[in-house]
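**Student:** Structure provided below as structure tokens; questions to follow.
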Protein chains: 2
Amino acid sequence: MRSVSIVGQGLTRFGERWDKSLRELVAEAGLAAVKDSGIDGHKIEAVYGGTMASGRLIGQEHIGALIADQMGLNPLPAHRMEAACASGSIALRNAMLAIASGEHDIVAVGGVEKMTEVDAGEVSTALGGAGDQETELFHGATFPALYALMARRHMKEYGTTEEQMATVSVKNHKNAMDNPYAQFHKEFTLDQVMNSGYVASPLKLLDCSPITDGAAAVILAATDVAKKYSEQPIEIIGSGQASGTIALTGRKNLTGIEATTIASKIAFEKAKLTQKDVDFAEVHDCFTIAEIMAIEDLGFFKKGEGGKATEQGKTAMDGEIPINTSGGLKGKGHPVGATGVAQAIEAVQQLQNKAGKRQIKDANIGLTHNVGGSGATVVVNLYRRAQ
Amino acid sequence: MRSVSIVGQGLTRFGERWDKSLRELVAEAGLAAVKDSGIDGHKIEAVYGGTMASGRLIGQEHIGALIADQMGLNPLPAHRMEAACASGSIALRNAMLAIASGEHDIVAVGGVEKMTEVDAGEVSTALGGAGDQETELFHGATFPALYALMARRHMKEYGTTEEQMATVSVKNHKNAMDNPYAQFHKEFTLDQVMNSGYVASPLKLLDCSPITDGAAAVILAATDVAKKYSEQPIEIIGSGQASGTIALTGRKNLTGIEATTIASKIAFEKAKLTQKDVDFAEVHDCFTIAEIMAIEDLGFFKKGEGGKATEQGKTAMDGEIPINTSGGLKGKGHPVGATGVAQAIEAVQQLQNKAGKRQIKDANIGLTHNVGGSGATVVVNLYRRAQ
């Protein structure tokens, strides 16, 4: 298949962005990405946008066309892709396939969500649409409750502790301190996380990723084309996507996400790499338990040992495998449609040696892991500097 | 680019489907498509779903994963695509590109919308999200109003009459009589259409497509693979997609949809065909004026002559170019996410000589035209029997 690389990236600051509308956020990120790529905007051939719940949150659907319009990219073909919190990755992946097909050479991908214009109850209900409306949300099970069920089962099966989960939060907030685009620039102690109020036991406020406004954009190009423009394109060397049941009740077990295992297996096979080759990873820590499950399901640690590994510092910035150097969803923020694209941007910045104070040494292979819902969609991508 | 064909198709009956939920509708259409294809379901490699406003209408996002789950297609990669009323076509097109890229050989595409579970005001508001929430919907301009503006301008510029628009409705309701899946099986006289109440002058109730529940599904395969399974695969020989401004206020003129002209030009160029080669077309008649504009913008008739051509019977079943043999959105119904896929199915049925009483003679080349919003997204596809 034709190789595809990222040649430009742009982010907005994540957070409560009362100053900017959805369309302004995505234009800011998009224009930054075009500028970073050095490619004349007129050479872009299509637009792929990822957004989860703009219909519920701001009364606007048809986000692909809106992005094209806002960025002055009419009449290019424009698409909106949705797979809950993995919407950005689905957009990125389909843009990649469109280039691989030969239909396009250069494509703009934007992920965006504007979440703070409605009250928290409405946001929770809108996000609940990522799970099963009929068997979960209708009965009151919003996302903290679903992940709390997974956490309880993980604790029972493997002895994972609330302190271990809290360590994920402490680490990711620490990492976010060095990310200028992060929603939070505030460190927390283990005690502070442990003493934050329960949202859905055993998950506390500081185990949960926040409600966030923000956008992220990348410019993709066929790798042979990319080299004409970028000094250092970042190639997507393996991409895997898998789906699981929409409802937790359909799963064989609750201590992991099977779609993660399947998607990562596909991505590693395509890249002809193993877990040992990966130097850093951005994983989907919508809740702290989600990061612990992810580092197990991705094969970085054995099943049940993710909590302990985190506690031992193995996933810290100077650990065996730094996880969520960006701050993750917990520290950087989680504008759901933007998250998958923002994860790719952290991979690009690390591999281009442009991650500033977050830069890890000898970053050669990066991985991103983006989950939709409670695991009904998972996308895993592997990246390296284009050769 | 690798050639792609449709090898199976399935529809639900369109209408007020109080008996079935969204997931049941899409499964019914999907399973019918798999059965029609003769392909073992285990050979399907990915799922592409088109839905516009499920978040607003039934509280459910993440429709790609839901479809995969409901059809027993986990853990295949599953996607939801949205481009307002062109959502189904966007799903179809991206599925086609995924096959063209070599990533997949056989892909299931489903379009679905469940619109009747909320009241009409909420449906209008949800559909309004296809236009510009900030400059249109917020100020009360729902879709009948937007198309009424276009109709008024078309009447002023070209002398198009309300009777000519009404003729579109009479024709499409007549065609729908022979479509067992159509929402309406009721003929109307010109007088009845003219005497139906104004919704947004000059558009009357019988100028407007209805609110509909329904689903449509096709199985796509690389044409070389398709021939192993299907006696008569239908090849997509040209596909064009273009975008226009999200709001009417950004358009150079209101008497046509520029994105239609651009998308059709691309499709015809790819297929190496001209308008004269087309034997029938399914066009986006969300309002009767939309069909008149479409047959002009697609190049079947000169600008301004669409109304007259309709009045003269040139677009009737036995006319120069039969338009909307299925009954169109007006007669067949318009479950928005399903419409683009359902249009493709009419092309398949006509080209496979399986359209029953609707069958036109010598159907060799078919065209579909699907519009999102007031023209911010347009997809035009051309089809023929795979050689």
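By order of appearance in the structure tokens: chains A, B, ..., then residues from 1 within every chain, and ligands from 1 in the order shown.
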I'd like the contact shell of Leu382 in chain B - 6 Å cut-off, only C-alpha atoms, skipping same-chain residues fewer than 4 positions apart - returned as a compact mmCIF listing (two decimals) with N, CA and C atoms, in the first residue's frame.
**Tutor:**
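Below is the file that was written, result_13.txt:
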```
# COMPACT_ATOMS: atom_id res chain seq x y z
N ILE B 236 -18.79 1.15 -10.04
CA ILE B 236 -18.83 2.60 -9.87
C ILE B 236 -17.72 3.15 -10.76
N ILE B 237 -18.12 3.70 -11.90
CA ILE B 237 -17.11 4.04 -12.91
C ILE B 237 -16.63 5.48 -12.80
N GLY B 238 -17.32 6.27 -11.99
CA GLY B 238 -16.86 7.65 -11.78
C GLY B 238 -17.51 8.18 -10.53
N GLY B 366 -26.12 4.63 -15.27
CA GLY B 366 -26.95 5.34 -14.29
C GLY B 366 -26.14 6.35 -13.52
N LEU B 367 -26.83 7.37 -13.02
CA LEU B 367 -26.17 8.42 -12.23
C LEU B 367 -26.94 8.62 -10.93
```
**Student:** Compile the contact shell of Met194 in chain A as an MDAnalysis selection string: residues with an atom at most 12 Å away, counting only C-alpha atoms, same-chain residues fewer than 5 positions apart removed.
**Tutor:** chainID A and resid 161:170 188:189 201:207
**Student:** Output C-alpha atoms for every residue in that selection, as a PDB file, in the first residue's frame.
**Tutor:**
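Once everything was written out, this is result-v2.pdb:
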```
ATOM      1  CA  THR A 161      -5.341  -0.530  43.802  1.00  0.00           C
ATOM      2  CA  GLU A 162      -6.887   2.920  43.853  1.00  0.00           C
ATOM      3  CA  GLU A 163      -3.391   4.245  44.635  1.00  0.00           C
ATOM      4  CA  GLN A 164      -2.048   2.699  41.435  1.00  0.00           C
ATOM      5  CA  MET A 165      -4.799   4.342  39.449  1.00  0.00           C
ATOM      6  CA  ALA A 166      -4.094   7.630  41.203  1.00  0.00           C
ATOM      7  CA  THR A 167      -0.451   7.327  40.147  1.00  0.00           C
ATOM      8  CA  VAL A 168      -1.561   7.535  36.500  1.00  0.00           C
ATOM      9  CA  SER A 169      -3.198  10.871  37.265  1.00  0.00           C
ATOM     10  CA  VAL A 170      -0.172  12.216  39.149  1.00  0.00           C
ATOM     11  CA  PHE A 188      -1.240  16.898  42.089  1.00  0.00           C
ATOM     12  CA  THR A 189       0.106  14.676  44.854  1.00  0.00           C
ATOM     13  CA  SER A 201     -16.515   4.541  42.981  1.00  0.00           C
ATOM     14  CA  PRO A 202     -13.647   3.617  42.739  1.00  0.00           C
ATOM     15  CA  LEU A 203     -13.091   6.479  40.248  1.00  0.00           C
ATOM     16  CA  LYS A 204     -12.591   9.911  41.789  1.00  0.00           C
ATOM     17  CA  LEU A 205     -12.702  13.326  40.208  1.00  0.00           C
ATOM     18  CA  LEU A 206      -8.952  13.253  39.572  1.00  0.00           C
ATOM     19  CA  ASP A 207      -9.189   9.816  37.938  1.00  0.00           C
TER      20      ASP A 207
END
```
**Student:** For Gly299 in chain B, please output as a list in words all residues within 9 Å (counting only C-alpha atoms; exclusion window: fewer than 6 positions along the same chain).
**Tutor:**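 Counting only the stated atoms, we get Thr261, Ser264 and Gln275 of chain B.
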**Student:** Those same residues - N, CA and C atoms - I'd like them written as a PDB file, in the first residue's frame.
**Tutor:**
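Result written to selection_23.pdb:
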```pdb
ATOM      1  N   THR B 261     -22.391  20.932  -9.870  1.00  0.00           N
ATOM      2  CA  THR B 261     -21.705  21.099 -11.150  1.00  0.00           C
ATOM      3  C   THR B 261     -20.272  20.581 -11.068  1.00  0.00           C
ATOM      4  N   SER B 264     -20.185  16.686 -10.524  1.00  0.00           N
ATOM      5  CA  SER B 264     -20.568  15.913 -11.708  1.00  0.00           C
ATOM      6  C   SER B 264     -19.488  15.999 -12.776  1.00  0.00           C
ATOM      7  N   GLN B 275     -23.088  13.641 -20.407  1.00  0.00           N
ATOM      8  CA  GLN B 275     -24.486  13.552 -19.986  1.00  0.00           C
ATOM      9  C   GLN B 275     -25.329  12.726 -20.954  1.00  0.00           C
TER      10      GLN B 275
END
```
**Student:** Could the residues of chain B within 8 Å of chain A, counting only C-alpha atoms, be given as number ranges by chain, please?
**Tutor:** B: 1-2, 52-53, 55-56, 59-66, 68-69, 74-84, 90, 94, 97-103, 126, 128-133, 241-246, 259, 262, 372-373, 376-377
**Student:** Find, counting only C-alpha atoms, the residue in A:Ala281, A:Ala290, A:Leu22, A:Ala145 that gets nearest to Ser124 in chain A.
**Tutor:**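 Smallest distance to Ser124 in chain A is found for A:Ala145.
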**Student:** Mind pulling up the distance from CA of Gln387 in chain B to CA of Leu351 in chain B?
**Tutor:**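 Distance reported for this atom pair: 12.5 Å.
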**Student:** So what do you get for CA of Gly333 in chain B versus CA of Trp18 in chain B, distance-wise?
**Tutor:**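 If I compute the distance from CA of Gly333 in chain B to CA of Trp18 in chain B, I get 15.3 Å.
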**Student:** Taking the DSSP secondary structure from the backbone, can you list the residues of range 194-276 of chain B that are alpha helix (DSSP H), as a list of chain:residue names?
**Tutor:**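 Answer for range 194-276 of chain B, restricted to alpha helix (DSSP H): B:Met194, B:Thr223, B:Asp224, B:Val225, B:Ala226, B:Lys227, B:Lys228, B:Tyr229, B:Glu258, B:Ala259, B:Thr260, B:Thr261, B:Ile262, B:Ala263, B:Ser264, B:Lys265, B:Ile266, B:Ala267, B:Phe268, B:Glu269, B:Lys270, B:Ala271.
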**Student:** Output C-alpha atoms of each residue in that selection to a file, as a PDB file, in the first residue's frame.
**Tutor:**
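The result, stored in result08.pdb:
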```pdb
ATOM      1  CA  MET B 194     -51.014  23.036  -5.827  1.00  0.00           C
ATOM      2  CA  THR B 223     -14.288  -5.562  -9.226  1.00  0.00           C
ATOM      3  CA  ASP B 224     -11.826  -8.406  -9.789  1.00  0.00           C
ATOM      4  CA  VAL B 225     -13.015  -9.997  -6.547  1.00  0.00           C
ATOM      5  CA  ALA B 226     -16.666  -9.140  -7.251  1.00  0.00           C
ATOM      6  CA  LYS B 227     -16.774 -11.282 -10.341  1.00  0.00           C
ATOM      7  CA  LYS B 228     -16.102 -14.382  -8.257  1.00  0.00           C
ATOM      8  CA  TYR B 229     -19.347 -13.883  -6.364  1.00  0.00           C
ATOM      9  CA  GLU B 258     -22.276  24.880  -7.612  1.00  0.00           C
ATOM     10  CA  ALA B 259     -20.977  21.792  -5.817  1.00  0.00           C
ATOM     11  CA  THR B 260     -23.285  19.692  -8.019  1.00  0.00           C
ATOM     12  CA  THR B 261     -21.705  21.099 -11.150  1.00  0.00           C
ATOM     13  CA  ILE B 262     -18.195  20.508  -9.826  1.00  0.00           C
ATOM     14  CA  ALA B 263     -18.857  17.003  -8.506  1.00  0.00           C
ATOM     15  CA  SER B 264     -20.568  15.913 -11.708  1.00  0.00           C
ATOM     16  CA  LYS B 265     -17.745  17.280 -13.833  1.00  0.00           C
ATOM     17  CA  ILE B 266     -15.281  15.165 -11.840  1.00  0.00           C
ATOM     18  CA  ALA B 267     -17.478  12.066 -12.071  1.00  0.00           C
ATOM     19  CA  PHE B 268     -17.997  12.407 -15.821  1.00  0.00           C
ATOM     20  CA  GLU B 269     -14.295  12.983 -16.415  1.00  0.00           C
ATOM     21  CA  LYS B 270     -13.351   9.909 -14.412  1.00  0.00           C
ATOM     22  CA  ALA B 271     -15.902   7.793 -16.249  1.00  0.00           C
TER      23      ALA B 271
END
```
**Student:** May I ask which of the residues B:Lys156, B:Arg384, B:Lys186, B:Lys114 is the closest one to Lys171 in chain B, counting only C-alpha atoms?
**Tutor:** B:Lys186
